[in-house]
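*Asks:* Sending over model-v4.cif (mmCIF, C-alpha atoms).
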data_upload
loop_
_atom_site.label_atom_id
_atom_site.label_comp_id
_atom_site.auth_asym_id
_atom_site.auth_seq_id
_atom_site.Cartn_x
_atom_site.Cartn_y
_atom_site.Cartn_z
CA MET M 1 23.51 12.21 -79.40
CA ARG M 2 23.49 9.50 -76.79
CA ARG M 3 22.18 11.82 -74.14
CA GLU M 4 19.50 12.98 -76.56
CA LYS M 5 18.27 9.46 -77.02
CA LYS M 6 18.27 8.80 -73.34
CA ARG M 7 16.20 11.86 -72.64
CA THR M 8 13.49 10.92 -75.12
CA GLU M 9 13.41 7.44 -73.70
CA LYS M 10 12.98 8.84 -70.27
CA ALA M 11 10.24 11.22 -71.34
CA ALA M 12 8.35 8.30 -72.80
CA ALA M 13 8.93 6.33 -69.67
CA SER M 14 7.71 9.04 -67.33
CA ALA M 15 4.58 9.38 -69.40
CA THR M 16 3.65 5.76 -68.87
CA ILE M 17 4.42 5.68 -65.19
CA GLU M 18 2.29 8.43 -63.79
CA SER M 19 0.66 6.36 -61.10
CA GLY M 20 2.43 4.49 -58.28
CA ALA M 21 1.39 1.17 -59.72
CA GLY M 22 2.92 2.13 -63.02
CA LEU M 23 6.13 3.03 -61.26
CA LEU M 24 6.27 -0.32 -59.55
CA ARG M 25 5.67 -2.10 -62.82
CA GLU M 26 8.54 -0.22 -64.34
CA LEU M 27 10.64 -1.11 -61.31
CA VAL M 28 9.85 -4.79 -61.60
CA ALA M 29 10.72 -4.76 -65.28
CA HIS M 30 14.03 -3.15 -64.44
CA LEU M 31 14.80 -5.74 -61.76
CA ARG M 32 13.87 -8.60 -64.08
CA GLN M 33 16.08 -7.23 -66.80
CA ASN M 34 19.12 -6.90 -64.56
CA ARG M 35 18.44 -10.07 -62.62
CA THR M 36 21.76 -11.77 -63.26
CA GLN M 37 23.91 -8.76 -62.62
CA LEU M 38 22.09 -7.60 -59.47
CA ARG M 39 22.03 -11.07 -58.07
CA GLU M 40 25.74 -11.43 -58.49
CA GLU M 41 26.32 -8.04 -56.99
CA TRP M 42 24.22 -9.05 -54.00
CA ALA M 43 26.05 -12.36 -53.52
CA ARG M 44 29.35 -10.50 -53.72
CA ARG M 45 28.22 -8.03 -51.06
CA ILE M 46 27.12 -10.88 -48.80
CA ARG M 47 30.54 -12.44 -49.18
CA GLU M 48 32.25 -9.15 -48.46
CA ALA M 49 30.22 -8.57 -45.33
CA GLU M 50 31.09 -12.12 -44.20
CA LEU M 51 27.50 -13.04 -43.61
CA LEU M 52 26.12 -16.59 -43.78
CA THR M 53 29.57 -18.05 -43.14
CA ALA M 54 27.91 -21.33 -42.25
CA MET M 55 26.89 -21.82 -45.89
CA SER M 56 28.95 -22.49 -49.03
CA GLN M 57 29.16 -19.97 -51.89
CA GLU M 58 26.97 -22.10 -54.15
CA GLU M 59 24.30 -22.39 -51.50
CA ILE M 60 24.35 -18.68 -50.87
CA PHE M 61 23.99 -18.01 -54.56
CA SER M 62 21.07 -20.38 -55.05
CA GLU M 63 19.27 -19.09 -51.95
CA ALA M 64 20.00 -15.55 -53.10
CA THR M 65 18.37 -16.33 -56.44
CA SER M 66 15.22 -17.62 -54.73
CA VAL M 67 15.06 -14.66 -52.39
CA TYR M 68 15.61 -12.28 -55.28
CA ASP M 69 12.79 -13.79 -57.35
CA ASN M 70 10.47 -13.78 -54.35
CA TYR M 71 11.44 -10.21 -53.67
CA VAL M 72 10.58 -9.09 -57.19
CA GLU M 73 7.35 -11.03 -57.04
CA VAL M 74 6.31 -9.23 -53.86
CA LEU M 75 7.06 -5.89 -55.50
CA GLU M 76 4.92 -6.94 -58.44
CA THR M 77 1.94 -8.47 -56.69
CA GLY M 78 2.08 -6.69 -53.34
CA SER M 79 1.27 -9.97 -51.61
CA VAL M 80 3.82 -11.22 -49.07
CA GLU M 81 2.30 -14.65 -48.51
CA ALA M 82 4.56 -16.58 -50.88
CA LEU M 83 7.60 -14.79 -49.49
CA GLN M 84 6.44 -15.49 -45.95
CA ALA M 85 6.14 -19.19 -46.70
CA TYR M 86 9.53 -19.20 -48.38
CA ALA M 87 11.15 -17.28 -45.51
CA ARG M 88 9.71 -19.72 -43.02
CA ASN M 89 10.97 -22.66 -45.03
CA LEU M 90 14.39 -21.04 -45.42
CA SER M 91 14.58 -20.33 -41.68
CA GLU M 92 13.71 -23.93 -40.94
CA ARG M 93 16.64 -25.06 -43.07
CA ILE M 94 19.24 -22.58 -41.86
CA ILE M 95 18.46 -22.28 -38.13
CA PRO M 96 19.89 -25.72 -37.31
CA ARG M 97 23.10 -24.64 -39.10
CA GLY M 98 23.61 -21.79 -36.67
CA VAL M 99 22.63 -18.84 -38.86
CA GLU M 100 22.04 -15.82 -36.63
CA THR M 101 19.25 -13.25 -36.75
CA HIS M 102 21.62 -10.42 -37.57
CA GLU M 103 22.84 -12.32 -40.64
CA VAL M 104 19.35 -12.82 -42.04
CA LEU M 105 18.44 -9.20 -41.46
CA GLY M 106 21.83 -8.20 -42.86
CA ILE M 107 21.36 -9.96 -46.18
CA VAL M 108 17.84 -8.62 -46.67
CA LEU M 109 19.02 -5.09 -45.96
CA LEU M 110 21.94 -5.64 -48.34
CA LEU M 111 19.57 -6.64 -51.11
CA ARG M 112 17.49 -3.58 -50.38
CA ASP M 113 20.64 -1.48 -50.63
CA VAL M 114 21.84 -3.16 -53.86
CA LEU M 115 18.51 -2.59 -55.56
CA ALA M 116 18.24 0.99 -54.34
CA ARG M 117 21.71 1.72 -55.71
CA SER M 118 20.78 0.31 -59.08
CA LEU M 119 17.73 2.55 -59.08
CA PHE M 120 19.87 5.57 -58.23
CA GLN M 121 22.10 4.69 -61.12
CA LYS M 122 19.24 4.29 -63.53
CA TYR M 123 17.37 7.46 -62.65
CA GLN M 124 20.29 9.63 -61.66
CA ASP M 125 19.54 12.21 -64.32
CA ASP M 126 15.92 12.75 -63.35
CA PHE M 127 15.75 13.60 -59.70
CA ASP M 128 12.00 13.98 -59.69
CA LEU M 129 11.36 10.60 -61.18
CA LEU M 130 13.92 9.02 -58.87
CA ASN M 131 12.06 10.45 -55.91
CA ARG M 132 8.79 8.99 -57.08
CA VAL M 133 10.36 5.64 -57.86
CA LEU M 134 11.82 5.55 -54.37
CA ASP M 135 8.45 6.51 -52.92
CA ALA M 136 7.00 3.43 -54.51
CA TYR M 137 9.98 1.21 -53.76
CA GLU M 138 10.76 2.04 -50.15
CA PRO M 139 7.50 0.97 -48.44
CA ALA M 140 7.43 -2.28 -50.39
CA ALA M 141 11.09 -2.97 -49.62
CA ASN M 142 10.60 -2.22 -45.94
CA ARG M 143 7.65 -4.52 -45.83
CA ILE M 144 9.69 -7.30 -47.37
CA ALA M 145 12.56 -6.82 -44.93
CA ASN M 146 10.04 -6.82 -42.13
CA THR M 147 8.37 -10.01 -43.35
CA VAL M 148 11.61 -11.95 -43.69
CA GLY M 149 12.89 -10.77 -40.32
CA VAL M 150 9.66 -11.59 -38.52
CA SER M 151 9.36 -14.99 -40.18
CA PHE M 152 12.88 -15.86 -39.14
CA VAL M 153 12.38 -14.77 -35.55
CA GLU M 154 9.04 -16.57 -35.34
CA GLN M 155 10.61 -19.73 -36.63
CA ARG M 156 13.39 -19.40 -34.10
CA GLU M 157 10.94 -18.89 -31.28
CA ARG M 158 9.01 -21.93 -32.39
CA VAL M 159 12.19 -24.02 -32.28
CA ILE M 160 12.98 -22.69 -28.80
CA ARG M 161 9.45 -23.44 -27.60
CA GLU M 162 9.64 -26.97 -28.93
CA GLN M 163 12.95 -27.54 -27.24
CA GLN M 164 11.65 -26.19 -23.95
CA GLU M 165 8.72 -28.54 -24.24
CA ALA M 166 11.04 -31.45 -24.92
CA ILE M 167 13.24 -30.60 -21.95
CA ARG M 168 10.19 -30.34 -19.75
CA GLU M 169 8.94 -33.73 -20.89
CA LEU M 170 12.29 -35.36 -20.31
CA SER M 171 13.27 -33.76 -17.10
CA THR M 172 10.89 -35.13 -14.51
CA PRO M 173 10.85 -38.91 -14.43
CA VAL M 174 9.14 -40.62 -11.52
CA LEU M 175 10.85 -43.95 -10.99
CA GLN M 176 9.97 -46.91 -8.86
CA VAL M 177 13.03 -48.49 -7.25
CA ARG M 178 11.28 -50.90 -4.93
CA GLU M 179 7.77 -51.90 -4.14
CA ARG M 180 6.14 -48.73 -2.72
CA LEU M 181 9.28 -46.63 -3.09
CA LEU M 182 9.57 -43.93 -5.75
CA ILE M 183 12.47 -41.70 -6.56
CA LEU M 184 12.15 -38.37 -8.30
CA PRO M 185 15.51 -37.08 -9.44
CA ILE M 186 15.29 -33.40 -10.34
CA ILE M 187 17.93 -31.94 -12.61
CA GLY M 188 18.25 -28.34 -13.70
CA VAL M 189 16.66 -25.10 -12.67
CA ILE M 190 13.11 -25.32 -11.31
CA ASP M 191 10.75 -22.49 -12.24
CA SER M 192 7.27 -22.30 -10.85
CA GLN M 193 5.69 -23.92 -13.88
CA ARG M 194 8.05 -26.86 -13.74
CA ALA M 195 7.58 -27.13 -9.99
CA ARG M 196 3.86 -27.40 -10.53
CA GLN M 197 4.22 -30.01 -13.21
CA LEU M 198 6.58 -31.93 -10.98
CA THR M 199 4.08 -32.00 -8.15
CA GLU M 200 1.32 -33.21 -10.41
CA GLN M 201 3.48 -36.00 -11.77
CA LEU M 202 4.60 -37.01 -8.31
CA LEU M 203 1.08 -37.13 -6.89
CA ARG M 204 -0.14 -39.11 -9.87
CA GLY M 205 2.86 -41.42 -9.49
CA ILE M 206 2.01 -41.98 -5.84
CA ARG M 207 -1.48 -43.08 -6.76
CA THR M 208 -0.56 -45.34 -9.68
CA ASN M 209 2.39 -47.01 -7.94
CA ARG M 210 0.71 -47.05 -4.53
CA ALA M 211 3.86 -45.52 -3.09
CA LYS M 212 4.41 -45.08 0.62
CA VAL M 213 7.77 -43.34 0.50
CA VAL M 214 9.13 -40.93 -2.10
CA VAL M 215 12.73 -39.79 -2.30
CA VAL M 216 13.05 -36.42 -4.04
CA ASP M 217 16.66 -35.89 -5.04
CA ILE M 218 17.64 -32.33 -5.85
CA THR M 219 21.38 -32.84 -6.23
CA GLY M 220 21.12 -31.52 -9.78
CA VAL M 221 19.33 -28.31 -8.84
CA PRO M 222 21.74 -25.37 -8.76
CA ALA M 223 19.50 -22.86 -6.99
CA ILE M 224 16.07 -22.44 -5.49
CA ASP M 225 13.96 -19.36 -4.77
CA SER M 226 11.33 -18.87 -2.10
CA ALA M 227 8.41 -19.62 -4.42
CA VAL M 228 9.90 -22.94 -5.46
CA ALA M 229 10.91 -23.78 -1.88
CA ASN M 230 7.36 -23.18 -0.71
CA HIS M 231 6.12 -25.28 -3.57
CA LEU M 232 8.41 -28.07 -2.43
CA VAL M 233 6.96 -27.84 1.07
CA GLN M 234 3.46 -27.96 -0.41
CA THR M 235 4.41 -31.05 -2.40
CA VAL M 236 5.56 -32.75 0.78
CA GLU M 237 2.27 -31.85 2.47
CA ALA M 238 0.14 -32.98 -0.46
CA SER M 239 2.01 -36.29 -0.57
CA ARG M 240 1.28 -36.79 3.10
CA LEU M 241 -2.41 -36.24 2.44
CA MET M 242 -2.15 -39.13 0.01
CA GLY M 243 -0.48 -41.26 2.62
CA ALA M 244 3.08 -41.09 1.37
CA SER M 245 6.06 -39.62 3.18
CA VAL M 246 8.66 -37.62 1.30
CA ILE M 247 12.40 -37.62 1.88
CA ILE M 248 14.38 -34.79 0.33
CA THR M 249 17.99 -35.54 -0.50
CA GLY M 250 20.93 -33.72 -2.02
CA LEU M 251 20.31 -30.26 -0.62
CA SER M 252 23.49 -28.40 -1.46
CA SER M 253 24.97 -26.08 1.14
CA GLU M 254 23.97 -23.07 -1.01
CA ILE M 255 20.37 -24.20 -1.18
CA ALA M 256 20.31 -25.05 2.51
CA GLN M 257 21.59 -21.58 3.25
CA THR M 258 19.02 -19.97 0.99
CA LEU M 259 16.20 -21.92 2.57
CA VAL M 260 17.24 -20.92 6.06
CA THR M 261 17.78 -17.31 5.04
CA ILE M 262 14.37 -16.90 3.42
CA GLY M 263 12.80 -18.63 6.36
CA VAL M 264 10.97 -21.51 4.73
CA ASP M 265 9.32 -23.72 7.31
CA LEU M 266 11.25 -26.95 6.99
CA SER M 267 9.99 -28.64 10.13
CA LYS M 268 7.85 -30.99 8.05
CA MET M 269 10.62 -31.88 5.66
CA ASN M 270 12.54 -35.05 6.13
CA ALA M 271 15.95 -34.27 4.67
CA VAL M 272 18.84 -36.67 4.23
CA GLY M 273 22.30 -35.81 2.93
CA ASP M 274 22.56 -37.75 -0.29
CA LEU M 275 20.52 -40.06 -2.47
CA GLN M 276 22.07 -43.19 -1.00
CA GLY M 277 21.19 -42.09 2.52
CA GLY M 278 17.70 -41.19 1.34
CA ILE M 279 17.10 -44.62 -0.15
CA GLU M 280 18.45 -46.30 2.98
CA GLU M 281 16.15 -44.19 5.14
CA ALA M 282 13.23 -45.04 2.87
CA GLU M 283 14.02 -48.75 3.12
CA ARG M 284 14.07 -48.44 6.86
CA LEU M 285 10.66 -46.75 6.80
CA LEU M 286 9.30 -49.51 4.57
CA GLY M 287 10.80 -52.22 6.76
CA TYR M 288 13.35 -53.48 4.26
CA LYS M 289 16.73 -54.64 5.45
CA VAL M 290 19.61 -54.94 3.03
CA ILE M 291 22.01 -57.72 3.95
CA GLU M 292 25.29 -58.30 2.20
CA VAL M 293 25.70 -61.81 0.91
CA LYS M 294 29.18 -63.04 1.72
CA GLU M 295 30.51 -65.30 -1.00
CA THR M 296 32.69 -67.23 1.44
CA ALA M 297 29.82 -67.79 3.83
CA ALA M 298 27.74 -69.29 1.03
CA GLU M 299 30.55 -71.60 -0.02
CA GLU M 300 31.40 -72.87 3.44
CA PRO M 301 28.77 -75.62 3.75
CA ALA M 302 29.92 -77.10 0.45
CA ALA M 303 33.50 -77.22 1.57
CA MET S 1 -27.37 -37.72 2.29
CA GLN S 2 -26.38 -39.98 5.11
CA VAL S 3 -22.98 -41.62 5.11
CA PRO S 4 -23.11 -45.36 5.73
CA ILE S 5 -20.90 -46.47 8.60
CA LEU S 6 -19.80 -50.08 8.43
CA LYS S 7 -18.38 -52.06 11.27
CA GLN S 8 -15.41 -54.25 10.44
CA ARG S 9 -14.07 -56.05 13.49
CA ASP S 10 -12.43 -53.40 15.66
CA TYR S 11 -12.77 -50.68 13.08
CA LEU S 12 -15.49 -48.49 11.66
CA ILE S 13 -15.50 -47.56 7.99
CA ALA S 14 -17.35 -44.43 6.89
CA SER S 15 -17.49 -44.52 3.12
CA ILE S 16 -18.62 -41.21 1.67
CA GLN S 17 -20.81 -41.84 -1.39
CA SER S 18 -21.51 -38.38 -2.76
CA VAL S 19 -20.87 -34.72 -2.18
CA LEU S 20 -21.74 -33.80 1.40
CA SER S 21 -23.38 -30.64 2.67
CA ASP S 22 -22.15 -29.01 5.85
CA ALA S 23 -25.08 -30.52 7.75
CA ASP S 24 -24.21 -33.99 6.44
CA LEU S 25 -20.66 -33.56 7.68
CA LEU S 26 -21.82 -32.60 11.15
CA ARG S 27 -24.13 -35.56 11.22
CA LEU S 28 -21.27 -37.85 10.18
CA ARG S 29 -19.25 -36.44 13.05
CA ASP S 30 -21.99 -37.11 15.57
CA ASP S 31 -22.75 -40.58 14.17
CA LEU S 32 -19.11 -41.63 14.30
CA SER S 33 -18.67 -40.37 17.80
CA GLU S 34 -21.72 -42.30 18.93
CA ARG S 35 -20.84 -45.55 17.12
CA VAL S 36 -17.28 -45.60 18.42
CA GLY S 37 -18.70 -45.73 21.92
CA GLN S 38 -21.40 -48.20 20.94
CA TYR S 39 -19.08 -50.73 19.25
CA ARG S 40 -16.01 -49.96 21.33
CA SER S 41 -14.08 -49.46 18.08
CA ARG S 42 -10.36 -48.77 18.12
CA GLY S 43 -10.01 -47.28 14.68
CA VAL S 44 -12.07 -45.31 12.16
CA ILE S 45 -11.51 -44.99 8.43
CA VAL S 46 -13.13 -42.13 6.51
CA ASP S 47 -13.03 -42.79 2.78
CA VAL S 48 -13.19 -39.62 0.69
CA THR S 49 -12.29 -41.13 -2.70
CA VAL S 50 -15.36 -39.72 -4.43
CA LEU S 51 -14.89 -36.14 -3.27
CA ASP S 52 -13.58 -33.74 -5.93
CA VAL S 53 -13.45 -30.88 -3.49
CA ILE S 54 -12.54 -30.79 0.16
CA ASP S 55 -13.14 -27.27 1.46
CA SER S 56 -12.12 -25.60 4.67
CA PHE S 57 -15.27 -26.60 6.52
CA ALA S 58 -14.84 -30.24 5.57
CA THR S 59 -11.18 -30.12 6.58
CA ARG S 60 -12.00 -28.57 9.90
CA THR S 61 -14.77 -31.08 10.56
CA LEU S 62 -12.56 -34.03 9.65
CA ARG S 63 -9.86 -32.74 11.93
CA ALA S 64 -12.39 -32.26 14.70
CA VAL S 65 -13.63 -35.82 14.14
CA ALA S 66 -10.11 -37.18 14.44
CA HIS S 67 -9.37 -35.31 17.64
CA MET S 68 -12.76 -36.14 19.13
CA LEU S 69 -12.47 -39.84 18.37
CA LYS S 70 -8.99 -39.86 19.80
CA LEU S 71 -10.52 -38.73 23.08
CA ARG S 72 -13.08 -41.51 22.72
CA GLY S 73 -10.24 -43.99 22.29
CA ALA S 74 -10.09 -44.53 18.52
CA GLU S 75 -7.52 -43.65 15.85
CA THR S 76 -8.81 -41.96 12.69
CA VAL S 77 -7.40 -42.19 9.21
CA ILE S 78 -8.59 -40.32 6.11
CA VAL S 79 -8.13 -42.34 2.94
CA GLY S 80 -8.50 -41.74 -0.79
CA ILE S 81 -7.64 -38.08 -1.17
CA GLN S 82 -7.14 -37.54 -4.90
CA PRO S 83 -3.93 -35.95 -6.24
CA GLU S 84 -5.69 -32.78 -7.47
CA VAL S 85 -7.62 -32.47 -4.23
CA ALA S 86 -4.47 -32.93 -2.17
CA PHE S 87 -2.64 -30.20 -4.04
CA THR S 88 -5.55 -27.78 -3.90
CA MET S 89 -5.94 -28.35 -0.19
CA VAL S 90 -2.28 -27.65 0.43
CA GLN S 91 -2.46 -24.48 -1.64
CA LEU S 92 -5.38 -23.32 0.46
CA GLY S 93 -3.39 -24.13 3.59
CA LEU S 94 -5.67 -26.98 4.64
CA THR S 95 -3.24 -29.63 5.76
CA LEU S 96 -5.19 -31.87 8.16
CA GLU S 97 -2.48 -31.61 10.76
CA GLY S 98 -2.42 -34.35 13.34
CA VAL S 99 -4.73 -36.53 11.29
CA GLY S 100 -3.56 -39.79 9.75
CA THR S 101 -3.88 -40.13 5.98
CA ALA S 102 -3.46 -43.11 3.67
CA LEU S 103 -3.74 -43.84 -0.02
CA ASP S 104 -6.80 -46.07 0.00
CA LEU S 105 -8.91 -48.38 2.16
CA GLU S 106 -6.33 -51.16 2.19
CA GLU S 107 -3.56 -48.80 3.26
CA GLY S 108 -5.87 -47.29 5.83
CA LEU S 109 -6.47 -50.68 7.42
CA ALA S 110 -2.72 -51.33 7.50
CA TYR S 111 -2.20 -47.91 9.07
CA LEU S 112 -4.73 -48.64 11.81
CA ASP S 113 -3.23 -52.08 12.45
CA ARG S 114 0.13 -50.46 12.96
CA LYS S 115 -1.25 -47.69 15.15
CA THR S 116 -3.44 -49.77 17.38
CA LYS S 117 -0.79 -52.43 17.92
CA ARG S 118 1.04 -49.98 20.13
CA THR S 119 -1.75 -49.63 22.66
CA PRO S 120 -1.02 -51.16 26.08
CA HIS S 121 -3.83 -53.63 25.46
CA ASP S 122 -1.76 -55.46 22.83
CA ALA S 123 1.66 -54.80 24.23
CA LYS S 124 1.26 -56.87 27.38
#
Could you take the file, read its structure, and then write that structure out as structure tokens?
*Replies:*
Amino acid sequence: MRREKKRTEKAAASATIESGAGLLRELVAHLRQNRTQLREEWARRIREAELLTAMSQEEIFSEATSVYDNYVEVLETGSVEALQAYARNLSERIIPRGVETHEVLGIVLLLRDVLARSLFQKYQDDFDLLNRVLDAYEPAANRIANTVGVSFVEQRERVIREQQEAIRELSTPVLQVRERLLILPIIGVIDSQRARQLTEQLLRGIRTNRAKVVVVDITGVPAIDSAVANHLVQTVEASRLMGASVIITGLSSEIAQTLVTIGVDLSKMNAVGDLQGGIEEAERLLGYKVIEVKETAAEEPAA
Amino acid sequence: MQVPILKQRDYLIASIQSVLSDADLLRLRDDLSERVGQYRSRGVIVDVTVLDVIDSFATRTLRAVAHMLKLRGAETVIVGIQPEVAFTMVQLGLTLEGVGTALDLEEGLAYLDRKTKRTPHDAK
């Protein structure tokens, strides 16, 4: 009796869903109908797989609801724009909390799996229809998974780019320590782009501060390659053309060894052991003389 | 276009006003060489502030000027090389070796004062 009824229902259903669009409509109706149950199932699976551990259960459930509704909407309309915007927004919120790419992909694939299973269950008696339903469902589902994954990765890349930019901005200060004396402390790895930017800033600094001596301190640079070393030599030369002499300080023994091994011409470089020595040398070049004021000597005449 | 050469006490100042052709550069070289003898100058400043490009010919000529004037008894200093120009020159391998350089006219004068003070004439 029950099976009888089911079969007639199904016959009616297959009549209305001849075309792919019809199938999708049927699919969407099914997903809407079982929204609560499927959503819960999905949240449970996420929990089981120990994904999104950075978020609380309530948060996962509310995000899952939004993703679910967006998912169904994409299946219905075929347009991924709203989902894209949502995925971007979601990524923006969860990236700072340390959610990884594999987790985001994992939950989307889980949803895909949960929905596919519910379809199997629904159409298990009619293999033909199930095949056609899957034909309609799979490409759309793949597209959704793709969209979410790409949005997340794009967002991540954007964050990384912004941070790189920020580091670059911060990392090359040109400081004046005395009249006509600049120091340029370099910290971190120098790549060729940063080396170039550094040179530009230094040369501009020389002009604006009317510097005669520049101390470039590379204590904080762990390693140097031949391109960067040559760039450093070029910077020294260019500074000379602008009438400033450059003192390099803080060459570590590793870097010194590298420079000698790769055969960079260092005859034009004025190198001093550490920053203090560099500044003292610069003061000497500029004609400054630092004299210690002895407290007792100052007090003597009063006594 | 001819480069005006001004006499300022013991020094000559050649202030380049616009982009120079190769012929102009050669003429500048000859003029400077002649004037140094004429005024018995002890230093020459070549101001290149307005130049956006200093190519290999200009570099070679400026170097030749410096070495020539040295033989005629005058120090030469090139002043006003812009940051971008300086970096481009270095990348092209044009480094003006053996030629004095300074930031601007004022620095150039200070440079010449320092340099010429060491001649036996002053050291007596």
*Asks:* If you count all atoms listed in the file, which residues fall within 10 Å of region 49-65 of chain S, apart from same-chain ones fewer than 4 positions away, as number ranges by chain?
*Replies:* S: 15-22, 25-26, 28-30, 32-33, 44, 69-71, 76-86, 88-89, 92-100, 103-105
*Asks:* Can you write just those residues out, C-alpha atoms, as a short mmCIF file (atom, residue, chain, number, x, y, z; two decimals), keeping the file's coordinate frame?
*Replies:*
data_model
loop_
_atom_site.label_atom_id
_atom_site.label_comp_id
_atom_site.auth_asym_id
_atom_site.auth_seq_id
_atom_site.Cartn_x
_atom_site.Cartn_y
_atom_site.Cartn_z
CA SER S 15 -17.49 -44.52 3.12
CA ILE S 16 -18.62 -41.21 1.67
CA GLN S 17 -20.81 -41.84 -1.39
CA SER S 18 -21.51 -38.38 -2.76
CA VAL S 19 -20.87 -34.72 -2.18
CA LEU S 20 -21.74 -33.80 1.40
CA SER S 21 -23.38 -30.64 2.67
CA ASP S 22 -22.15 -29.01 5.85
CA LEU S 25 -20.66 -33.56 7.68
CA LEU S 26 -21.82 -32.60 11.15
CA LEU S 28 -21.27 -37.85 10.18
CA ARG S 29 -19.25 -36.44 13.05
CA ASP S 30 -21.99 -37.11 15.57
CA LEU S 32 -19.11 -41.63 14.30
CA SER S 33 -18.67 -40.37 17.80
CA VAL S 44 -12.07 -45.31 12.16
CA LEU S 69 -12.47 -39.84 18.37
CA LYS S 70 -8.99 -39.86 19.80
CA LEU S 71 -10.52 -38.73 23.08
CA THR S 76 -8.81 -41.96 12.69
CA VAL S 77 -7.40 -42.19 9.21
CA ILE S 78 -8.59 -40.32 6.11
CA VAL S 79 -8.13 -42.34 2.94
CA GLY S 80 -8.50 -41.74 -0.79
CA ILE S 81 -7.64 -38.08 -1.17
CA GLN S 82 -7.14 -37.54 -4.90
CA PRO S 83 -3.93 -35.95 -6.24
CA GLU S 84 -5.69 -32.78 -7.47
CA VAL S 85 -7.62 -32.47 -4.23
CA ALA S 86 -4.47 -32.93 -2.17
CA THR S 88 -5.55 -27.78 -3.90
CA MET S 89 -5.94 -28.35 -0.19
CA LEU S 92 -5.38 -23.32 0.46
CA GLY S 93 -3.39 -24.13 3.59
CA LEU S 94 -5.67 -26.98 4.64
CA THR S 95 -3.24 -29.63 5.76
CA LEU S 96 -5.19 -31.87 8.16
CA GLU S 97 -2.48 -31.61 10.76
CA GLY S 98 -2.42 -34.35 13.34
CA VAL S 99 -4.73 -36.53 11.29
CA GLY S 100 -3.56 -39.79 9.75
CA LEU S 103 -3.74 -43.84 -0.02
CA ASP S 104 -6.80 -46.07 0.00
CA LEU S 105 -8.91 -48.38 2.16
#
*Asks:* Enter the distance from CA of Leu181 (chain M) to CA of Ser226 (chain M), in Å, rounded to one decimal.
*Replies:*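 Atom-to-atom, CA of Leu181 (chain M) and CA of Ser226 (chain M) are spaced 27.9 Å apart.
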*Asks:* Residues picked by the PyMOL selection byres ((chain M) within 8 of (chain S)) here, as a PyMOL selection string?
*Replies:* chain M and resi 200+203-204+207+210+234-235+237-244
*Asks:* Measuring between all atoms listed in the file, which one of M:Asp135, M:Asp126, M:Gly250, M:Arg168 shows the shortest distance to Arg194 (chain M)?
*Replies:*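 Selected residue with least distance to Arg194 (chain M): M:Arg168.
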*Asks:* Between S:Met1, S:Ala110, S:Ala14, S:Ala23, which residue has the minimum interatomic distance to Val36 (chain S), considering all atoms listed in the file?
*Replies:*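 Of the candidates, the smallest distance to Val36 (chain S) is held by S:Ala14.
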*Asks:* Please report the interatomic distance between CA of Thr36 (chain M) and CA of Thr101 (chain M) in Å with one decimal.
*Replies:*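 Between CA of Thr36 (chain M) and CA of Thr101 (chain M) the gap is 26.7 Å.
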*Asks:* Apply the PyMOL selection byres ((chain S and resi 38-43) around 8) to the structure shown and report the selected residues as a ChimeraX atom specification.
*Replies:* /S:10-12,34-37,44-45,73-77,112,116
*Asks:* Expand the PyMOL selection byres ((chain M and resi 30-34) around 10) into the explicit residue set it covers here, and present it as a VMD selection string.
*Replies:* chain M and resid 24 to 29 35 to 39 68 to 69 71 to 73 75 115 118 to 119 122
*Asks:* What does the structure give for the distance between CA of Asp225 (chain M) and CA of Asp191 (chain M), in Å to one decimal?
*Replies:*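 Between CA of Asp225 (chain M) and CA of Asp191 (chain M) the gap is 8.7 Å.
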*Asks:* Could you tell me which of M:Gln193, M:Asn142, M:Gln201, M:Gln155 comes closest to Pro173 (chain M) if we count only C-alpha atoms?
*Replies:*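 Going through M:Gln193, M:Asn142, M:Gln201, M:Gln155 one by one, the smallest distance to Pro173 (chain M) is for M:Gln201.
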*Asks:* Of the candidates M:Ile190, M:Ala54, M:Ala21, M:Glu280, which one gets nearest to Leu232 (chain M) if we count only C-alpha atoms?
*Replies:*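 Closest residue, counting only C-alpha atoms: M:Ile190.
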*Asks:* Applying 10 Å and all atoms listed in the file, which residues near Val150 (chain M) remain after dropping the ones on its own chain fewer than 6 positions away? List them as a list in words.
*Replies:* Gln84, Ala87, Arg88, Thr101, Leu105, Ile144 and Arg156 of chain M
*Asks:* Any chance you can output those residues with C-alpha atoms as an mmCIF file, keeping the file's coordinate frame?
*Replies:*
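Dumped to result-v5.cif:
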data_model
loop_
_atom_site.group_PDB
_atom_site.id
_atom_site.type_symbol
_atom_site.label_atom_id
_atom_site.label_comp_id
_atom_site.auth_asym_id
_atom_site.auth_seq_id
_atom_site.Cartn_x
_atom_site.Cartn_y
_atom_site.Cartn_z
ATOM 1 C CA GLN M 84 6.440 -15.490 -45.950
ATOM 2 C CA ALA M 87 11.150 -17.280 -45.510
ATOM 3 C CA ARG M 88 9.710 -19.720 -43.020
ATOM 4 C CA THR M 101 19.250 -13.250 -36.750
ATOM 5 C CA LEU M 105 18.440 -9.200 -41.460
ATOM 6 C CA ILE M 144 9.690 -7.300 -47.370
ATOM 7 C CA ARG M 156 13.390 -19.400 -34.100
#
*Asks:* Would you mind telling me which residue in M:Ala136, M:Leu175, M:Val104, M:Leu182 lies nearest to Gly149 (chain M) when using all atoms listed in the file?
*Replies:*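 Using all atoms listed in the file, Gly149 (chain M) sits closest to M:Val104.
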*Asks:* Using all atoms listed in the file, which protein or nucleic acid residues come within 12 Å of Phe61 (chain M)? Drop anything in the same chain fewer than 5 positions from it, and give the result as a ChimeraX atom specification.
*Replies:* /M:36,38-47,52,55-56,66-68,107
